[in-house]
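Have a look at the structure below before the remarks.
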Amino acid sequence: MAIPVFILAGLLVHCVFLVSIFDIYFSSPLVHGMTPQRTPLPPPAKRLVLFVADGLRADSLYELNSNGTPQAPYLRGILENNGSWGISHTRVPTESRPGHVALIAGFYEDVSAVAKGWKENPVEFDSVFNESKYTWSWGSPDILPMFAKGATGDHVYTFCYAAESEDFGAQDAAKLDMWVFDHVKSFFNSSRSNQTLFSALNEEKVVLFLHLLGIDTNGHAHRPNSREYKENIKKVDEGIKEIASVIDSFYGNDGKTAFILTSDHGMTDWGSHGAGHPSETLTPLIVWGAGVNYPQKVTSQFFEDNFLQEWKLENLKRLDVNQADIAPLMASLIGVPFPLNSVGTLPLEYLNNSDHFKAESMFTNAVQILEQFKVKMSQKKETTLSFLFTPFKALSDSEQTNFLKKARLYIQQQKYDQAVSLCKTLINLSLEGLSYYHTYDRLFLGLSIATSFVGWTTYVILVIIKTHTNLTKTVQTHNKESTVLFYGFAFVGMIIAFFLLIQTCPWTYYVYCLLPVPVWYAVVRELPVIQGLAANLLSLHVGRSIGFFLVCTLGIEILVFSFFYRSTLTVGLLVFAGWPVVTQLWVQAKTRALIWTLLCVFLAIFPLMPVVGREPNIPLVIATGLLTLLISCFSLTSLCKSGNKYKNNEDLKVHFYQMLSIALSTYVVSSTHDSLKSKQGLPVLNQITSWMTLVSSSVLPLLSPTFLFQRLFSIVLSLMSTYLLLSTGYEALFPLVLSSLMFVWINMEQEALQHYGLSGKSKLAVFNFAYATDITRFRQLHLDDVRRSYFFVFFIVTAFFGTGNIASVNSFDPASVYCFLTVFSPFVMGGLLVLKVVIPFVLVSCAFEAVQVTTQLSSKSLLLIVLVISDIMALHFFFLVKDHGSWLDIGTSISHYVLVMSLTIFMMLMNGLAQLLTTRRLELPRRTKHHST
């Protein structure tokens, strides 16, 4: 297989591996075709007011101030005297969109939906708003439109402020909440003179939704323990008090309004969210008004946390719920049908109503979830051959009928407690059954992907041995054998395709199940290579072979462990520090070996540091900028002194521009930080400079000479200028230390090459990337090249996890992009944060490109070894994927697989980018000199 075709095939195969996980684990849980279910008895409330304080943590609302006063006096008074309270437990990912979907639609949106659309619905879903007679909503343009778009008819109205208002650098983000409160008050005032609106407001089944984003914005900008965050909570408390008073007054205190305050997610101490830290998953829930229980006094109650004592609420009953349970609670209070896709269980303890009402409501809840189960089961039954279909035994047709009959009988006999208990059992079984059918094809698809994985990795190893080593002799396969083999595998493929066709499987199933056929066909075709390799291995020293295998296994396990424990990278780097001593390299290069050891130890400190974003340290970013400037000045001086003939005025100008760019970046970081601290927003000049620096940093390296160290140093300077703008603390120093180690690595590999007698002494200073592609100089692979490839993978993983900036979703800090923009824009901000992660990758990839060409190796041969190492890691994570345990465990296991697969694809692409950055040069038009005669 030709190399370009091989790389293309590799990319396609790895894209299939990556996408497969979404079909296996991230497919949408929604089903359609159910009939709406509503409680037959009259509801206690005519209308519902839902306050969602975006980003509000449970402890931030419930805890008392240092002087013993409540953070939110009005809401504290409500939960002590008028309503019920508890904690709403959210699920990962703790982001605004899935949080609001769980609250209002009652189901946990799959992660792929978050990726497909922020404001739009990738799939249509039912919600409490959709089932209401009228819904009026006020707040963020990022949240409100998706519930209006999903609604049938024209009864969900939205009032949003401009997207530009969501500014993290604004003077006071609480103004977003004030906007909502002011518009709600003016809405009710204007309705008195608008008969149509007045009549609509006085209908039953009305929902008023107030989305309050200020707390979230202040939390991102200033952290949850800041004065701004706490002041915003007080303003929200005052605003809710005023709105409740306006609404009660408007309706003449008719006692038919139910109020709910909650949050979509919490926030970490360092001002981020997205993962499963308790500060993100524990949100407040306070319910009061029509149909809601009054505070229930208790003498003792047990929870694993110690919050009750901390909040001085140990004598008031705490009623915890899952976030999706709030949707059926809202539906029950105003008497609308439960959202069709809701998986929430109605929290009866919040209801102040008759036992009959509670039992009927619970029965409705059970039937509504059972309807989903029945649709899911029939769908799966239709697409599976009858003799292969295995039904969910705990909920057969007869069992369903028995449950419903018995529950209805209990209600008729007024045995309400037994009816409720039976309905809860039916709900739990229905949810188990839904999960069972949702994951029905998981084992079947998983085995197909695992088979392809093993086959592909085996094939790559065989290609390396066949084309890049002397371990085997090329043996021609007989044409007749080849033909038989081809038709044999084609026949297997046809059987699989026919099997999928009669089951009407989705087209993606064909890809996953047919992929092993060509992959294993390619492996079996290389049978002579396998035989030759086996003969060679038998002739080798057994102890040495086992030792090599154990070292390789240990190395890969260290990489796998680093995904779970960042400190594992520290252990690996400390082992690397001793490499020159173990291999005796220090004898011939004492100074370089010492520098290598010191830089490895220095880099080993970073994985032990706290995750980026938790402790901003702008002075350290500025100091790093000045240090980079000092190093570049020293480099410029040494080049000028040496009278390097490869340097001319144009090259000096490029170097000078890059130094100026570093100086500007350092100034912009300092100036922006000061401006935001004084709440004056992001200066326009700073914003322009930042974006210009970002654009120029991709062009300037291509203007510099292609000599090894000059080009690499130019790349480092350009990328550092951008990285400084994206830094908030110690991570600014990371690429500087990493690139210093990369320079030493290139030198050390040259020493290693001479140590093993594979190359003579060559001057790296005059080495030119542009003339380094002479294929006749390439050599075959040596055992030490496996170690080189492993170093590359290790450094890539270190670049990824070294500062923890992608170790978990919640470590992304929006403050990193404040030099570029402060107005909330999820895709631009996300793109800049990804760029921040990519920069250390580029540095390592360019260094690896230098190692390849200076050690006279084809870039493809080392890349193939890298591919094998990363694929073995990916196979680890594929088998470590969980579909049980906590949602955090499941989410983490899947994200690890996605990360390592993305890394594999990314490294293949990065190889091409590194070649472009190191070998290409843009020539600027030069002025012609005119000499006087």
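Residue numbering restarts at 1 in every chain; chains get A, B, ... in the order shown in the structure tokens, and ligands count up from 1 in that same order.
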So that I can check the surroundings of stretch 896-913 of chain A, please list as JSON, numbers by chain every protein, DNA and RNA residue that reaches within 8 Å of it, counting only C-alpha atoms and ignoring chain neighbours fewer than 6 positions away. {"A": [7, 11, 14, 15, 17, 18, 21, 563, 841, 842, 845, 849, 863, 867, 870, 871, 873, 874, 877, 878, 881]}
Using only C-alpha atoms, which residues sit within 8 Å of stretch 579-585 of chain A once same-chain residues fewer than 3 positions away are excluded, as a short mmCIF file (atom, residue, chain, number, x, y, z; two decimals) with C-alpha atoms, in the first residue's frame?
```cif
data_model
loop_
_atom_site.label_atom_id
_atom_site.label_comp_id
_atom_site.auth_asym_id
_atom_site.auth_seq_id
_atom_site.Cartn_x
_atom_site.Cartn_y
_atom_site.Cartn_z
CA VAL A 575 12.72 8.42 34.61
CA PHE A 576 13.57 10.35 31.41
CA GLN A 588 30.27 11.77 25.58
CA ALA A 589 27.99 14.78 26.26
CA LYS A 590 28.20 15.77 29.92
CA ALA A 593 23.08 15.45 29.60
CA GLU A 751 24.43 12.01 20.41
CA ALA A 752 22.45 8.76 20.72
CA HIS A 755 26.59 6.34 20.39
#
```
List the spatial neighbours of A:Leu351 as a PDB file with N, CA and C atoms, in the first residue's frame - criterion: any atom at most 10 Å away, only C-alpha atoms, same-chain residues fewer than 2 positions off excluded.
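So out-v5.pdb came out as:
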```
ATOM      1  N   PRO A  44     -53.646  22.138  41.812  1.00  0.00           N
ATOM      2  CA  PRO A  44     -53.736  23.154  42.877  1.00  0.00           C
ATOM      3  C   PRO A  44     -53.422  24.572  42.394  1.00  0.00           C
ATOM      4  N   SER A  84     -41.036  24.375  50.714  1.00  0.00           N
ATOM      5  CA  SER A  84     -40.153  23.220  50.895  1.00  0.00           C
ATOM      6  C   SER A  84     -38.839  23.489  50.181  1.00  0.00           C
ATOM      7  N   VAL A 287     -39.317  25.630  46.687  1.00  0.00           N
ATOM      8  CA  VAL A 287     -40.654  25.634  46.056  1.00  0.00           C
ATOM      9  C   VAL A 287     -41.664  26.167  47.073  1.00  0.00           C
ATOM     10  N   TRP A 288     -42.540  27.082  46.652  1.00  0.00           N
ATOM     11  CA  TRP A 288     -43.558  27.609  47.559  1.00  0.00           C
ATOM     12  C   TRP A 288     -44.795  28.045  46.765  1.00  0.00           C
ATOM     13  N   ALA A 290     -49.016  27.789  45.741  1.00  0.00           N
ATOM     14  CA  ALA A 290     -50.167  26.894  45.592  1.00  0.00           C
ATOM     15  C   ALA A 290     -49.744  25.432  45.436  1.00  0.00           C
ATOM     16  N   GLY A 291     -50.305  24.564  46.269  1.00  0.00           N
ATOM     17  CA  GLY A 291     -50.080  23.125  46.157  1.00  0.00           C
ATOM     18  C   GLY A 291     -48.765  22.634  46.689  1.00  0.00           C
ATOM     19  N   VAL A 292     -48.026  23.515  47.382  1.00  0.00           N
ATOM     20  CA  VAL A 292     -46.696  23.135  47.873  1.00  0.00           C
ATOM     21  C   VAL A 292     -46.722  22.992  49.391  1.00  0.00           C
ATOM     22  N   ASN A 293     -46.034  21.986  49.874  1.00  0.00           N
ATOM     23  CA  ASN A 293     -45.956  21.728  51.310  1.00  0.00           C
ATOM     24  C   ASN A 293     -45.274  22.869  52.059  1.00  0.00           C
ATOM     25  N   TYR A 294     -45.741  23.096  53.271  1.00  0.00           N
ATOM     26  CA  TYR A 294     -45.067  24.059  54.153  1.00  0.00           C
ATOM     27  C   TYR A 294     -43.837  23.397  54.761  1.00  0.00           C
ATOM     28  N   LEU A 329     -42.803  17.712  38.558  1.00  0.00           N
ATOM     29  CA  LEU A 329     -43.328  18.507  39.671  1.00  0.00           C
ATOM     30  C   LEU A 329     -44.081  19.729  39.128  1.00  0.00           C
ATOM     31  N   SER A 332     -47.335  18.651  37.430  1.00  0.00           N
ATOM     32  CA  SER A 332     -48.350  18.244  38.403  1.00  0.00           C
ATOM     33  C   SER A 332     -48.996  19.465  39.063  1.00  0.00           C
ATOM     34  N   LEU A 333     -48.194  20.487  39.359  1.00  0.00           N
ATOM     35  CA  LEU A 333     -48.716  21.677  40.049  1.00  0.00           C
ATOM     36  C   LEU A 333     -49.740  22.440  39.218  1.00  0.00           C
ATOM     37  N   LEU A 346     -41.895  12.070  40.023  1.00  0.00           N
ATOM     38  CA  LEU A 346     -42.565  13.147  40.761  1.00  0.00           C
ATOM     39  C   LEU A 346     -42.196  13.101  42.245  1.00  0.00           C
ATOM     40  N   PRO A 347     -41.572  14.180  42.788  1.00  0.00           N
ATOM     41  CA  PRO A 347     -41.220  14.206  44.221  1.00  0.00           C
ATOM     42  C   PRO A 347     -42.453  14.575  45.066  1.00  0.00           C
ATOM     43  N   LEU A 348     -43.172  13.562  45.518  1.00  0.00           N
ATOM     44  CA  LEU A 348     -44.460  13.769  46.208  1.00  0.00           C
ATOM     45  C   LEU A 348     -44.342  14.603  47.472  1.00  0.00           C
ATOM     46  N   GLU A 349     -43.202  14.546  48.148  1.00  0.00           N
ATOM     47  CA  GLU A 349     -43.058  15.253  49.433  1.00  0.00           C
ATOM     48  C   GLU A 349     -43.155  16.765  49.284  1.00  0.00           C
ATOM     49  N   ASN A 353     -51.280  18.236  49.006  1.00  0.00           N
ATOM     50  CA  ASN A 353     -52.546  17.903  48.371  1.00  0.00           C
ATOM     51  C   ASN A 353     -53.045  16.590  48.967  1.00  0.00           C
ATOM     52  N   SER A 354     -54.209  16.182  48.517  1.00  0.00           N
ATOM     53  CA  SER A 354     -54.798  14.952  49.073  1.00  0.00           C
ATOM     54  C   SER A 354     -53.994  13.726  48.651  1.00  0.00           C
ATOM     55  N   ASP A 355     -54.109  12.651  49.424  1.00  0.00           N
ATOM     56  CA  ASP A 355     -53.433  11.399  49.081  1.00  0.00           C
ATOM     57  C   ASP A 355     -53.944  10.864  47.749  1.00  0.00           C
ATOM     58  N   PHE A 357     -54.903  12.700  45.146  1.00  0.00           N
ATOM     59  CA  PHE A 357     -54.217  13.465  44.100  1.00  0.00           C
ATOM     60  C   PHE A 357     -52.790  12.948  43.892  1.00  0.00           C
ATOM     61  N   LYS A 358     -52.116  12.691  45.010  1.00  0.00           N
ATOM     62  CA  LYS A 358     -50.736  12.206  44.923  1.00  0.00           C
ATOM     63  C   LYS A 358     -50.673  10.846  44.218  1.00  0.00           C
TER      64      LYS A 358
END
```
If you take only C-alpha atoms and a cut-off of 8 Å, which residues of stretch 87-205 of chain A touch stretch 253-267 of chain A, and what are their nearest atom pairs and distances in Å to one decimal, in chain and number order, as a tab-separated table?
```
residue	atom	partner	partner_atom	distance
A:Ser88	CA	A:Thr262	CA	7.7
A:Thr90	CA	A:His265	CA	6.7
A:Thr94	CA	A:His265	CA	5.5
A:Glu95	CA	A:His265	CA	6.6
A:Ser96	CA	A:Asp264	CA	6.0
A:Gly99	CA	A:Asp264	CA	4.5
A:His100	CA	A:Asp264	CA	5.7
A:Leu103	CA	A:Asp264	CA	7.4
```
Go ahead and dump the residues you just picked, N, CA, C and O atoms, as a PDB file, in the first residue's frame.
```pdb
ATOM      1  N   SER A  88     -31.087  19.939  44.326  1.00  0.00           N
ATOM      2  CA  SER A  88     -31.331  19.295  43.030  1.00  0.00           C
ATOM      3  C   SER A  88     -29.985  18.789  42.519  1.00  0.00           C
ATOM      4  O   SER A  88     -29.042  19.568  42.365  1.00  0.00           O
ATOM      5  N   THR A  90     -27.664  17.543  39.723  1.00  0.00           N
ATOM      6  CA  THR A  90     -27.550  17.585  38.261  1.00  0.00           C
ATOM      7  C   THR A  90     -26.639  16.466  37.774  1.00  0.00           C
ATOM      8  O   THR A  90     -25.953  15.829  38.558  1.00  0.00           O
ATOM      9  N   THR A  94     -22.319  19.453  33.297  1.00  0.00           N
ATOM     10  CA  THR A  94     -22.992  20.539  34.020  1.00  0.00           C
ATOM     11  C   THR A  94     -22.860  21.839  33.216  1.00  0.00           C
ATOM     12  O   THR A  94     -22.087  22.719  33.569  1.00  0.00           O
ATOM     13  N   GLU A  95     -23.597  21.879  32.125  1.00  0.00           N
ATOM     14  CA  GLU A  95     -23.611  23.058  31.257  1.00  0.00           C
ATOM     15  C   GLU A  95     -25.043  23.585  31.180  1.00  0.00           C
ATOM     16  O   GLU A  95     -25.999  22.899  31.525  1.00  0.00           O
ATOM     17  N   SER A  96     -25.181  24.818  30.690  1.00  0.00           N
ATOM     18  CA  SER A  96     -26.489  25.479  30.683  1.00  0.00           C
ATOM     19  C   SER A  96     -27.539  24.738  29.877  1.00  0.00           C
ATOM     20  O   SER A  96     -28.648  24.524  30.333  1.00  0.00           O
ATOM     21  N   GLY A  99     -28.658  21.331  31.359  1.00  0.00           N
ATOM     22  CA  GLY A  99     -29.289  21.617  32.653  1.00  0.00           C
ATOM     23  C   GLY A  99     -30.716  22.109  32.476  1.00  0.00           C
ATOM     24  O   GLY A  99     -31.631  21.657  33.164  1.00  0.00           O
ATOM     25  N   HIS A 100     -30.926  23.019  31.548  1.00  0.00           N
ATOM     26  CA  HIS A 100     -32.266  23.554  31.307  1.00  0.00           C
ATOM     27  C   HIS A 100     -33.182  22.510  30.659  1.00  0.00           C
ATOM     28  O   HIS A 100     -34.377  22.465  30.948  1.00  0.00           O
ATOM     29  N   LEU A 103     -34.381  20.324  33.436  1.00  0.00           N
ATOM     30  CA  LEU A 103     -35.355  21.030  34.282  1.00  0.00           C
ATOM     31  C   LEU A 103     -36.727  21.141  33.618  1.00  0.00           C
ATOM     32  O   LEU A 103     -37.750  20.891  34.258  1.00  0.00           O
TER      33      LEU A 103
END
```
With only C-alpha atoms as the counted atoms, please give the residues lying no more than 9 Å from A:Ser165, apart from itself and same-chain residues fewer than 5 positions off, as a JSON list (two decimals) with all heavy atoms, in the first residue's frame.
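Heads up, here's the output in out_24.json:
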```
[["chain", "number", "residue", "atom", "x", "y", "z"],
["A", 170, "ALA", "N", -17.72, 43.22, 31.84],
["A", 170, "ALA", "CA", -18.62, 44.35, 32.12],
["A", 170, "ALA", "C", -18.47, 44.82, 33.55],
["A", 170, "ALA", "O", -17.99, 44.10, 34.42],
["A", 170, "ALA", "CB", -20.06, 43.95, 31.84],
["A", 173, "ALA", "N", -22.31, 42.41, 35.99],
["A", 173, "ALA", "CA", -23.15, 41.46, 35.24],
["A", 173, "ALA", "C", -24.54, 41.33, 35.85],
["A", 173, "ALA", "O", -25.45, 40.81, 35.20],
["A", 173, "ALA", "CB", -22.48, 40.09, 35.20],
["A", 175, "LYS", "N", -26.61, 43.41, 36.04],
["A", 175, "LYS", "CA", -27.55, 44.21, 35.23],
["A", 175, "LYS", "C", -28.40, 43.31, 34.32],
["A", 175, "LYS", "O", -29.51, 43.67, 33.93],
["A", 175, "LYS", "CB", -26.79, 45.24, 34.39],
["A", 175, "LYS", "CG", -25.93, 44.64, 33.29],
["A", 175, "LYS", "CD", -25.19, 45.68, 32.49],
["A", 175, "LYS", "CE", -24.39, 45.01, 31.37],
["A", 175, "LYS", "NZ", -23.58, 45.96, 30.61],
["A", 176, "LEU", "N", -27.85, 42.11, 33.98],
["A", 176, "LEU", "CA", -28.62, 41.15, 33.17],
["A", 176, "LEU", "C", -29.88, 40.72, 33.92],
["A", 176, "LEU", "O", -30.96, 40.60, 33.33],
["A", 176, "LEU", "CB", -27.77, 39.91, 32.84],
["A", 176, "LEU", "CG", -26.49, 40.13, 32.03],
["A", 176, "LEU", "CD1", -25.72, 38.83, 31.88],
["A", 176, "LEU", "CD2", -26.80, 40.71, 30.65],
["A", 823, "VAL", "N", -17.24, 39.24, 25.65],
["A", 823, "VAL", "CA", -18.67, 38.97, 25.41],
["A", 823, "VAL", "C", -18.83, 37.48, 25.16],
["A", 823, "VAL", "O", -18.08, 36.88, 24.39],
["A", 823, "VAL", "CB", -19.19, 39.77, 24.19],
["A", 823, "VAL", "CG1", -20.62, 39.38, 23.85],
["A", 823, "VAL", "CG2", -19.10, 41.26, 24.48],
["A", 824, "PHE", "N", -19.82, 36.86, 25.81],
["A", 824, "PHE", "CA", -20.00, 35.42, 25.72],
["A", 824, "PHE", "C", -20.26, 34.96, 24.29],
["A", 824, "PHE", "O", -21.20, 35.40, 23.65],
["A", 824, "PHE", "CB", -21.16, 34.99, 26.62],
["A", 824, "PHE", "CG", -21.42, 33.50, 26.60],
["A", 824, "PHE", "CD1", -20.49, 32.63, 27.12],
["A", 824, "PHE", "CD2", -22.58, 32.99, 26.06],
["A", 824, "PHE", "CE1", -20.71, 31.26, 27.11],
["A", 824, "PHE", "CE2", -22.82, 31.63, 26.03],
["A", 824, "PHE", "CZ", -21.88, 30.76, 26.56]]
```
Would you mind listing what lies within 8 Å of stretch 503-516 of chain A as a VMD selection string, with only C-alpha atoms counted and same-chain residues fewer than 3 positions away left out? chain A and resid 16 20 382 to 385 445 448 to 449 451 to 452 455 493 496 to 497 499 to 500 519 to 520
Just-selected residues, C-alpha atoms written as a compact mmCIF listing (two decimals), in the first residue's frame:
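As a result, result-v1.txt now contains:
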```txt
# COMPACT_ATOMS: atom_id res chain seq x y z
CA VAL A 16 -14.69 5.44 12.24
CA SER A 20 -18.39 4.73 16.73
CA GLU A 382 -39.08 -4.44 14.64
CA THR A 383 -35.37 -4.13 13.78
CA THR A 384 -34.24 -7.46 15.26
CA LEU A 385 -34.82 -10.99 13.95
CA LEU A 445 -21.11 -3.00 18.03
CA SER A 448 -16.99 -5.21 15.91
CA ILE A 449 -14.95 -2.11 16.73
CA THR A 451 -11.98 -6.62 16.26
CA SER A 452 -11.16 -3.82 13.80
CA GLY A 455 -6.67 -6.03 13.19
CA GLY A 493 -18.68 -9.35 4.02
CA ILE A 496 -22.69 -9.61 7.29
CA ALA A 497 -24.30 -7.04 4.95
CA PHE A 499 -27.71 -9.97 8.02
CA LEU A 500 -27.79 -6.20 8.68
CA VAL A 519 -8.70 -4.85 7.84
CA TRP A 520 -8.26 -8.57 8.58
```
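For the pair atom CA of A:Glu204 and atom CA of A:Gly239, the separation is 24.7 Å.
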Atomic separation - atom CA of A:Leu781 relative to atom CA of A:Thr467, Å: 9.5 Å
Atomic separation - atom CA of A:Thr591 relative to atom CA of A:Leu629, Å: 24.6 Å
Pick out each residue of stretch 250-456 of chain A that DSSP on the backbone tags as strand (DSSP E or B); I need them as a count of residues only. 21
Please run DSSP on the backbone and report, as a PyMOL selection string, all residues within stretch 177-371 of chain A that come out as helix (DSSP H, G or I). chain A and resi 177-191+195-201+214-222+227-250+278-281+307-311+323-334+348-350+355-371
For A:Ile746, list every protein, DNA or RNA residue within 8 Å, evaluated using only C-alpha atoms, and leave out those in the same chain fewer than 5 positions away; present the list as a compact mmCIF listing (two decimals) with C-alpha atoms, in the first residue's frame.
```txt
# COMPACT_ATOMS: atom_id res chain seq x y z
CA ALA A 847 10.82 19.01 17.42
CA ALA A 850 13.66 17.74 13.48
CA VAL A 851 14.53 14.46 15.24
```
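Between A:Thr568 and the residues A:Phe794, A:Trp691, A:Phe392, A:Tyr667, the shortest atom-to-atom distance, using only C-alpha atoms, involves A:Phe794.
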For A:Met146, the nearest of the candidates A:Pro616, A:Gly106, A:Pro98, A:Pro814, counting only C-alpha atoms: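 Closest residue, counting only C-alpha atoms: A:Pro98.
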Of the candidates A:Leu443, A:Leu753, A:Ile369, A:Ile595, which shows the shortest atom-to-atom distance to A:Leu429, using only C-alpha atoms?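 The answer is A:Ile369, which sits nearest to A:Leu429.
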Excluding stretch 399-411 of chain A and its own-chain neighbours fewer than 5 positions away, which residues fall within 10 Å of it when counting only C-alpha atoms? Please give them as number ranges by chain. A: 355-357, 359-360, 362-363, 366-367, 370, 374, 393-394, 416-423, 425-426, 429-430
When you count only C-alpha atoms, which of these residues is closest to A:Ile461: A:Ile865, A:Cys633, A:Ala534, A:Leu833?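 Closest candidate: A:Ile865.
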